[in-house]
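Coordinates as given in upload-v6.pdb (PDB, C-alpha atoms, pLDDT in the B column):
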ATOM      1  CA  MET D   1       2.897  28.416  -2.660  1.00 47.00           C
ATOM      2  CA  SER D   2       2.712  26.161   0.396  1.00 52.00           C
ATOM      3  CA  ASP D   3       5.679  24.862   2.387  1.00 57.00           C
ATOM      4  CA  LEU D   4       3.753  21.651   3.017  1.00 55.00           C
ATOM      5  CA  PRO D   5       4.494  18.496   1.070  1.00 56.00           C
ATOM      6  CA  PRO D   6       1.840  17.218  -1.337  1.00 58.00           C
ATOM      7  CA  ALA D   7      -1.047  15.255   0.156  1.00 56.00           C
ATOM      8  CA  TYR D   8      -0.442  11.566   0.729  1.00 52.00           C
ATOM      9  CA  ASP D   9      -1.664   9.530  -2.227  1.00 57.00           C
ATOM     10  CA  SER D  10      -1.835   5.840  -1.387  1.00 52.00           C
ATOM     11  CA  ILE D  11      -1.999   4.846  -5.057  1.00 54.00           C
ATOM     12  CA  LYS D  12       1.270   6.598  -5.828  1.00 57.00           C
ATOM     13  CA  GLU D  13       2.905   5.243  -2.659  1.00 54.00           C
ATOM     14  CA  LEU D  14       2.584   1.652  -3.914  1.00 53.00           C
ATOM     15  CA  GLY D  15       5.759   2.188  -5.922  1.00 56.00           C
ATOM     16  CA  VAL D  16       4.350   1.249  -9.328  1.00 60.00           C
ATOM     17  CA  TYR D  17       2.408   4.364 -10.227  1.00 64.00           C
ATOM     18  CA  ASP D  18       5.026   5.720 -12.635  1.00 69.00           C
ATOM     19  CA  GLN D  19       5.015   2.472 -14.659  1.00 68.00           C
ATOM     20  CA  LEU D  20       1.233   2.468 -15.162  1.00 69.00           C
ATOM     21  CA  PRO D  21      -0.154   3.345 -18.600  1.00 74.00           C
ATOM     22  CA  VAL D  22      -1.642   6.835 -18.829  1.00 79.00           C
ATOM     23  CA  ASP D  23      -5.194   5.540 -19.379  1.00 75.00           C
ATOM     24  CA  VAL D  24      -4.967   3.468 -16.171  1.00 71.00           C
ATOM     25  CA  LYS D  25      -3.646   6.459 -14.205  1.00 72.00           C
ATOM     26  CA  ASN D  26      -6.574   8.549 -15.474  1.00 74.00           C
ATOM     27  CA  GLN D  27      -9.071   5.948 -14.249  1.00 71.00           C
ATOM     28  CA  LEU D  28      -7.661   5.543 -10.730  1.00 68.00           C
ATOM     29  CA  ASN D  29      -9.520   8.472  -9.186  1.00 69.00           C
ATOM     30  CA  SER D  30     -12.868   7.269 -10.516  1.00 68.00           C
ATOM     31  CA  LEU D  31     -12.627   3.739  -9.109  1.00 63.00           C
ATOM     32  CA  PRO D  32     -15.672   2.667  -7.102  1.00 63.00           C
ATOM     33  CA  SER D  33     -15.281   2.048  -3.406  1.00 67.00           C
ATOM     34  CA  ILE D  34     -14.595  -1.473  -2.207  1.00 68.00           C
ATOM     35  CA  HIS D  35     -17.597  -3.570  -1.191  1.00 73.00           C
ATOM     36  CA  PRO D  36     -17.665  -3.968   2.639  1.00 72.00           C
ATOM     37  CA  GLN D  37     -17.298  -7.775   2.426  1.00 78.00           C
ATOM     38  CA  ALA D  38     -14.285  -7.461   0.137  1.00 76.00           C
ATOM     39  CA  GLN D  39     -12.838  -4.802   2.398  1.00 71.00           C
ATOM     40  CA  ALA D  40     -13.287  -7.066   5.438  1.00 72.00           C
ATOM     41  CA  LYS D  41     -11.605  -9.922   3.579  1.00 79.00           C
ATOM     42  CA  ALA D  42      -8.706  -7.655   2.602  1.00 75.00           C
ATOM     43  CA  GLN D  43      -8.332  -6.419   6.183  1.00 72.00           C
ATOM     44  CA  GLU D  44      -8.289 -10.015   7.408  1.00 76.00           C
ATOM     45  CA  ALA D  45      -5.589 -10.899   4.872  1.00 78.00           C
ATOM     46  CA  ILE D  46      -3.554  -7.883   5.955  1.00 74.00           C
ATOM     47  CA  ALA D  47      -3.930  -8.832   9.622  1.00 72.00           C
ATOM     48  CA  ASP D  48      -2.820 -12.395   8.815  1.00 74.00           C
ATOM     49  CA  GLU D  49       0.212 -11.121   6.929  1.00 77.00           C
ATOM     50  CA  VAL D  50       1.195  -8.667   9.664  1.00 70.00           C
ATOM     51  CA  SER D  51       0.977 -11.408  12.289  1.00 71.00           C
ATOM     52  CA  LYS D  52       3.665 -13.473  10.526  1.00 79.00           C
ATOM     53  CA  SER D  53       7.084 -13.252  12.135  1.00 82.00           C
ATOM     54  CA  GLU D  54       8.863 -12.848   8.790  1.00 87.00           C
ATOM     55  CA  THR D  55       6.671  -9.831   7.997  1.00 81.00           C
ATOM     56  CA  THR D  56       7.470  -8.328  11.387  1.00 77.00           C
ATOM     57  CA  ASP D  57      11.162  -9.011  10.807  1.00 83.00           C
ATOM     58  CA  LYS D  58      11.041  -7.316   7.390  1.00 85.00           C
ATOM     59  CA  LEU D  59       9.244  -4.320   8.852  1.00 80.00           C
ATOM     60  CA  MET D  60      11.784  -4.034  11.653  1.00 82.00           C
ATOM     61  CA  ASP D  61      14.607  -4.212   9.107  1.00 85.00           C
ATOM     62  CA  GLU D  62      12.936  -1.392   7.175  1.00 85.00           C
ATOM     63  CA  VAL D  63      12.568   0.682  10.349  1.00 82.00           C
ATOM     64  CA  LYS D  64      16.267   0.160  11.127  1.00 86.00           C
ATOM     65  CA  ALA D  65      17.204   1.114   7.557  1.00 88.00           C
ATOM     66  CA  LEU D  66      15.060   4.235   7.839  1.00 85.00           C
ATOM     67  CA  GLY D  67      16.799   5.177  11.079  1.00 85.00           C
ATOM     68  CA  ASN D  68      20.211   4.639   9.472  1.00 89.00           C
ATOM     69  CA  SER D  69      19.176   6.753   6.477  1.00 90.00           C
ATOM     70  CA  ALA D  70      18.045   9.580   8.746  1.00 89.00           C
ATOM     71  CA  LEU D  71      21.369   9.417  10.577  1.00 90.00           C
ATOM     72  CA  LYS D  72      23.287   9.588   7.274  1.00 93.00           C
ATOM     73  CA  VAL D  73      21.263  12.616   6.166  1.00 92.00           C
ATOM     74  CA  ASP D  74      21.956  14.281   9.507  1.00 91.00           C
ATOM     75  CA  GLU D  75      25.678  13.578   9.137  1.00 94.00           C
ATOM     76  CA  ALA D  76      25.620  14.983   5.599  1.00 94.00           C
ATOM     77  CA  PHE D  77      23.922  18.161   6.836  1.00 93.00           C
ATOM     78  CA  GLU D  78      26.700  18.531   9.394  1.00 94.00           C
ATOM     79  CA  ARG D  79      29.484  17.985   6.828  1.00 95.00           C
ATOM     80  CA  VAL D  80      27.980  20.614   4.539  1.00 95.00           C
ATOM     81  CA  ARG D  81      27.603  23.037   7.480  1.00 95.00           C
ATOM     82  CA  VAL D  82      31.282  22.660   8.419  1.00 96.00           C
ATOM     83  CA  ASN D  83      32.456  23.029   4.807  1.00 96.00           C
ATOM     84  CA  LEU D  84      30.293  26.092   4.228  1.00 96.00           C
ATOM     85  CA  GLY D  85      31.858  27.604   7.346  1.00 95.00           C
ATOM     86  CA  MET D  86      35.280  27.119   5.749  1.00 96.00           C
ATOM     87  CA  VAL D  87      34.024  28.744   2.520  1.00 95.00           C
ATOM     88  CA  ASP D  88      32.587  31.648   4.490  1.00 95.00           C
ATOM     89  CA  GLU D  89      35.984  32.250   6.130  1.00 96.00           C
ATOM     90  CA  ASN D  90      37.310  33.305   2.690  1.00 95.00           C
ATOM     91  CA  ASP D  91      35.171  36.469   2.848  1.00 94.00           C
ATOM     92  CA  TYR D  92      34.371  36.421  -0.870  1.00 95.00           C
ATOM     93  CA  LYS D  93      33.359  39.624  -2.630  1.00 95.00           C
ATOM     94  CA  ASP D  94      31.200  40.093  -5.722  1.00 94.00           C
ATOM     95  CA  SER D  95      32.384  41.876  -8.885  1.00 94.00           C
ATOM     96  CA  GLN D  96      31.601  45.296  -7.342  1.00 95.00           C
ATOM     97  CA  GLY D  97      33.648  44.499  -4.230  1.00 95.00           C
ATOM     98  CA  ASN D  98      30.639  43.944  -1.978  1.00 95.00           C
ATOM     99  CA  PRO D  99      30.789  41.057   0.489  1.00 95.00           C
ATOM    100  CA  VAL D 100      28.984  37.920  -0.641  1.00 94.00           C
ATOM    101  CA  PRO D 101      26.434  36.823   1.981  1.00 94.00           C
ATOM    102  CA  LYS D 102      27.606  33.989   4.210  1.00 96.00           C
ATOM    103  CA  PHE D 103      26.306  30.542   3.270  1.00 95.00           C
ATOM    104  CA  GLN D 104      26.564  28.781   6.611  1.00 95.00           C
ATOM    105  CA  PRO D 105      23.784  30.684   8.459  1.00 95.00           C
ATOM    106  CA  THR D 106      21.277  29.810   5.737  1.00 95.00           C
ATOM    107  CA  TRP D 107      22.406  26.188   5.810  1.00 95.00           C
ATOM    108  CA  VAL D 108      22.071  26.089   9.599  1.00 95.00           C
ATOM    109  CA  ASP D 109      18.445  27.179   9.172  1.00 94.00           C
ATOM    110  CA  TYR D 110      17.904  24.261   6.754  1.00 94.00           C
ATOM    111  CA  GLN D 111      19.615  21.909   9.174  1.00 94.00           C
ATOM    112  CA  LYS D 112      17.410  23.060  12.068  1.00 94.00           C
ATOM    113  CA  ARG D 113      14.304  22.642   9.897  1.00 93.00           C
ATOM    114  CA  TRP D 114      15.399  19.105   8.962  1.00 91.00           C
ATOM    115  CA  THR D 115      15.899  18.213  12.624  1.00 91.00           C
ATOM    116  CA  THR D 116      12.528  19.694  13.563  1.00 91.00           C
ATOM    117  CA  LEU D 117      10.749  17.781  10.795  1.00 89.00           C
ATOM    118  CA  LEU D 118      12.511  14.569  11.752  1.00 89.00           C
ATOM    119  CA  TRP D 119      11.471  14.860  15.405  1.00 87.00           C
ATOM    120  CA  GLU D 120       7.926  15.890  14.477  1.00 86.00           C
ATOM    121  CA  SER D 121       7.616  12.825  12.237  1.00 85.00           C
ATOM    122  CA  ARG D 122       8.895  10.633  15.065  1.00 84.00           C
ATOM    123  CA  ASP D 123       6.397  12.158  17.487  1.00 82.00           C
ATOM    124  CA  THR D 124       3.577  11.713  14.964  1.00 80.00           C
ATOM    125  CA  ALA D 125       4.513   8.074  14.379  1.00 80.00           C
ATOM    126  CA  THR D 126       4.596   7.414  18.124  1.00 80.00           C
ATOM    127  CA  ALA D 127       1.211   9.085  18.650  1.00 77.00           C
ATOM    128  CA  THR D 128      -0.255   7.196  15.702  1.00 77.00           C
ATOM    129  CA  GLU D 129       0.978   3.888  17.076  1.00 78.00           C
ATOM    130  CA  ALA D 130      -0.612   4.613  20.470  1.00 78.00           C
ATOM    131  CA  TYR D 131      -3.847   5.741  18.838  1.00 77.00           C
ATOM    132  CA  ILE D 132      -4.063   2.575  16.705  1.00 79.00           C
ATOM    133  CA  LYS D 133      -3.269   0.324  19.676  1.00 79.00           C
ATOM    134  CA  ASP D 134      -6.013   1.982  21.710  1.00 80.00           C
ATOM    135  CA  PHE D 135      -8.467   1.500  18.871  1.00 79.00           C
ATOM    136  CA  VAL D 136      -7.569  -2.165  18.333  1.00 79.00           C
ATOM    137  CA  GLN D 137      -7.298  -3.079  22.022  1.00 82.00           C
ATOM    138  CA  VAL D 138     -10.181  -1.010  23.450  1.00 82.00           C
ATOM    139  CA  ILE D 139     -12.717   0.110  20.861  1.00 81.00           C
ATOM    140  CA  VAL D 140     -12.816  -2.944  18.583  1.00 81.00           C
ATOM    141  CA  PRO D 141     -13.357  -5.440  21.449  1.00 84.00           C
ATOM    142  CA  GLU D 142     -16.072  -3.204  22.900  1.00 84.00           C
ATOM    143  CA  VAL D 143     -17.894  -3.084  19.560  1.00 81.00           C
ATOM    144  CA  GLU D 144     -17.482  -6.838  19.086  1.00 82.00           C
ATOM    145  CA  ASP D 145     -19.006  -7.468  22.530  1.00 86.00           C
ATOM    146  CA  ILE D 146     -22.219  -5.481  21.995  1.00 86.00           C
ATOM    147  CA  GLN D 147     -25.036  -7.581  23.462  1.00 91.00           C
ATOM    148  CA  ASN D 148     -27.856  -5.078  23.988  1.00 90.00           C
ATOM    149  CA  ASP D 149     -28.948  -1.480  23.533  1.00 91.00           C
ATOM    150  CA  ASP D 150     -27.021  -0.311  26.621  1.00 92.00           C
ATOM    151  CA  ASP D 151     -23.815  -1.839  25.240  1.00 88.00           C
ATOM    152  CA  LEU D 152     -24.522  -0.155  21.903  1.00 87.00           C
ATOM    153  CA  ALA D 153     -25.080   3.215  23.568  1.00 88.00           C
ATOM    154  CA  ASP D 154     -21.844   2.842  25.567  1.00 88.00           C
ATOM    155  CA  ALA D 155     -19.906   1.813  22.470  1.00 84.00           C
ATOM    156  CA  LYS D 156     -21.245   4.801  20.516  1.00 85.00           C
ATOM    157  CA  LYS D 157     -20.290   7.166  23.339  1.00 86.00           C
ATOM    158  CA  ASP D 158     -16.793   5.682  23.638  1.00 84.00           C
ATOM    159  CA  LEU D 159     -16.278   5.655  19.870  1.00 81.00           C
ATOM    160  CA  TYR D 160     -17.348   9.298  19.650  1.00 81.00           C
ATOM    161  CA  ALA D 161     -14.956  10.250  22.465  1.00 81.00           C
ATOM    162  CA  PHE D 162     -12.177   8.225  20.868  1.00 77.00           C
ATOM    163  CA  ALA D 163     -12.703   9.850  17.461  1.00 74.00           C
ATOM    164  CA  ASN D 164     -12.402  13.283  19.050  1.00 72.00           C
ATOM    165  CA  VAL D 165      -9.090  12.402  20.735  1.00 68.00           C
ATOM    166  CA  ILE D 166      -7.434  12.372  17.297  1.00 58.00           C
ATOM    167  CA  HIS D 167      -7.096  16.156  17.542  1.00 51.00           C
ATOM    168  CA  LEU D 168      -4.917  15.810  20.634  1.00 54.00           C
ATOM    169  CA  PHE D 169      -2.575  13.379  18.878  1.00 52.00           C
ATOM    170  CA  PHE D 170      -2.275  14.905  15.452  1.00 52.00           C
ATOM    171  CA  PHE D 171      -2.884  18.592  16.043  1.00 50.00           C
ATOM    172  CA  PRO D 172      -1.367  19.293  19.497  1.00 49.00           C
ATOM    173  CA  ARG D 173       0.091  22.659  18.520  1.00 46.00           C
ATOM    174  CA  PHE D 174      -3.444  23.981  17.992  1.00 41.00           C
ATOM    175  CA  LEU D 175      -4.185  23.452  21.690  1.00 42.00           C
ATOM    176  CA  TYR D 176      -1.993  26.421  22.560  1.00 39.00           C
ATOM    177  CA  ILE D 177      -3.380  28.949  20.109  1.00 38.00           C
TER
END

Output the structure of this file as structure tokens.
Amino acid sequence: MSDLPPAYDSIKELGVYDQLPVDVKNQLNSLPSIHPQAQAKAQEAIADEVSKSETTDKLMDEVKALGNSALKVDEAFERVRVNLGMVDENDYKDSQGNPVPKFQPTWVDYQKRWTTLLWESRDTATATEAYIKDFVQVIVPEVEDIQNDDDLADAKKDLYAFANVIHLFFFPRFLYI
């Protein structure tokens, strides 16, 4: 069994998956891909929505709420750690008189893992933001400005190089193996 969370499923992340009828859920994986014109229209609508100040404000509020939630979870981990330390001080014994293993060291391992995952997710989000900004501000304008075969060749070369940079952002620990 893997320690990794399940793969991201955008359909389930919409927040309505559980309310869908079973026959609709069964059909989701077999949906055809979106026609390129419809996809472009959807992307334009998304870009328009994201550019609105009220959307940005809502997103920032959500980011702040997420940060506050992470802080509350961290504080809860600490409260449990302290209380388990007090329980461990009682030196409990099982029915045969053997010492019961201490709880706090195991909890500290969970707490460290939580902190590591939290920081890794922050680092991944930061790298993703930079990667997306580079794509939108560098690659997209270059592709939009293709005038001739030389421009096309340059754009292909830059796009290929850009696509290969993803490994540096999302898989940095593999660089040291």

Q: Output the residue selection produced by the PyMOL selection byres ((chain D and resi 133-142) around 9) on the file above, formatted as a PyMOL selection string.
A: chain D and resi 128-132+143-146+151+154-155+158-159+162

Q: For CA of Asn90 (chain D) and CA of Phe103 (chain D), quote the distance in Å rounded to one decimal.
A: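 About the pair CA of Asn90 (chain D) and CA of Phe103 (chain D): they are 11.4 Å apart.
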
Q. Of the residues D:Gln104, D:Gln147, D:Met60, D:Ser69, which is the one nearest to Met86 (chain D), using all atoms listed in the file?
A. D:Gln104

Would you kindly place all heavy atoms on region 144-155 of chain D and return the model as a short mmCIF file (atom, residue, chain, number, x, y, z; two decimals), in the coordinates of the input?
data_model
loop_
_atom_site.label_atom_id
_atom_site.label_comp_id
_atom_site.auth_asym_id
_atom_site.auth_seq_id
_atom_site.Cartn_x
_atom_site.Cartn_y
_atom_site.Cartn_z
N GLU D 144 -17.24 -5.41 19.32
CA GLU D 144 -17.48 -6.84 19.09
C GLU D 144 -18.33 -7.47 20.20
O GLU D 144 -19.02 -8.47 19.96
CB GLU D 144 -16.16 -7.59 18.95
CG GLU D 144 -15.42 -7.26 17.69
CD GLU D 144 -14.04 -7.90 17.60
OE1 GLU D 144 -13.47 -8.27 18.67
OE2 GLU D 144 -13.54 -8.05 16.48
N ASP D 145 -18.29 -6.91 21.39
CA ASP D 145 -19.01 -7.47 22.53
C ASP D 145 -20.38 -6.84 22.77
O ASP D 145 -20.97 -7.04 23.83
CB ASP D 145 -18.16 -7.33 23.81
CG ASP D 145 -16.94 -8.23 23.78
OD1 ASP D 145 -16.95 -9.21 23.02
OD2 ASP D 145 -15.99 -7.94 24.53
N ILE D 146 -20.90 -6.09 21.81
CA ILE D 146 -22.22 -5.48 22.00
C ILE D 146 -23.26 -6.60 22.09
O ILE D 146 -23.39 -7.43 21.21
CB ILE D 146 -22.55 -4.52 20.83
CG1 ILE D 146 -21.61 -3.31 20.87
CG2 ILE D 146 -24.02 -4.08 20.89
CD1 ILE D 146 -21.75 -2.37 19.70
N GLN D 147 -24.00 -6.57 23.20
CA GLN D 147 -25.04 -7.58 23.46
C GLN D 147 -26.44 -6.99 23.48
O GLN D 147 -27.41 -7.68 23.23
CB GLN D 147 -24.77 -8.27 24.81
CG GLN D 147 -23.41 -8.91 24.95
CD GLN D 147 -23.29 -10.20 24.15
OE1 GLN D 147 -24.26 -10.93 24.01
NE2 GLN D 147 -22.11 -10.44 23.61
N ASN D 148 -26.53 -5.69 23.83
CA ASN D 148 -27.86 -5.08 23.99
C ASN D 148 -27.77 -3.58 23.69
O ASN D 148 -26.70 -3.07 23.34
CB ASN D 148 -28.39 -5.34 25.40
CG ASN D 148 -27.41 -4.90 26.47
OD1 ASN D 148 -26.86 -3.80 26.40
ND2 ASN D 148 -27.17 -5.75 27.47
N ASP D 149 -28.89 -2.91 23.84
CA ASP D 149 -28.95 -1.48 23.53
C ASP D 149 -28.05 -0.64 24.44
O ASP D 149 -27.48 0.35 24.00
CB ASP D 149 -30.39 -0.97 23.63
CG ASP D 149 -31.27 -1.48 22.50
OD1 ASP D 149 -30.71 -1.94 21.48
OD2 ASP D 149 -32.51 -1.42 22.62
N ASP D 150 -27.91 -1.05 25.71
CA ASP D 150 -27.02 -0.31 26.62
C ASP D 150 -25.57 -0.43 26.16
O ASP D 150 -24.82 0.56 26.18
CB ASP D 150 -27.17 -0.83 28.05
CG ASP D 150 -28.51 -0.45 28.69
OD1 ASP D 150 -29.13 0.52 28.20
OD2 ASP D 150 -28.90 -1.12 29.65
N ASP D 151 -25.17 -1.64 25.76
CA ASP D 151 -23.82 -1.84 25.24
C ASP D 151 -23.60 -0.99 23.99
O ASP D 151 -22.54 -0.38 23.82
CB ASP D 151 -23.58 -3.31 24.89
CG ASP D 151 -23.51 -4.22 26.10
OD1 ASP D 151 -23.40 -3.70 27.24
OD2 ASP D 151 -23.56 -5.45 25.91
N LEU D 152 -24.61 -0.95 23.13
CA LEU D 152 -24.52 -0.16 21.90
C LEU D 152 -24.37 1.32 22.23
O LEU D 152 -23.52 2.01 21.65
CB LEU D 152 -25.76 -0.38 21.02
CG LEU D 152 -25.81 0.42 19.73
CD1 LEU D 152 -24.63 0.10 18.82
CD2 LEU D 152 -27.13 0.17 19.01
N ALA D 153 -25.17 1.80 23.17
CA ALA D 153 -25.08 3.22 23.57
C ALA D 153 -23.71 3.53 24.15
O ALA D 153 -23.11 4.57 23.83
CB ALA D 153 -26.18 3.55 24.58
N ASP D 154 -23.18 2.64 24.99
CA ASP D 154 -21.84 2.84 25.57
C ASP D 154 -20.78 2.84 24.48
O ASP D 154 -19.86 3.67 24.49
CB ASP D 154 -21.53 1.75 26.60
CG ASP D 154 -22.30 1.93 27.90
OD1 ASP D 154 -22.82 3.03 28.13
OD2 ASP D 154 -22.36 0.95 28.67
N ALA D 155 -20.89 1.90 23.55
CA ALA D 155 -19.91 1.81 22.47
C ALA D 155 -19.94 3.07 21.61
O ALA D 155 -18.88 3.59 21.22
CB ALA D 155 -20.16 0.57 21.62
#
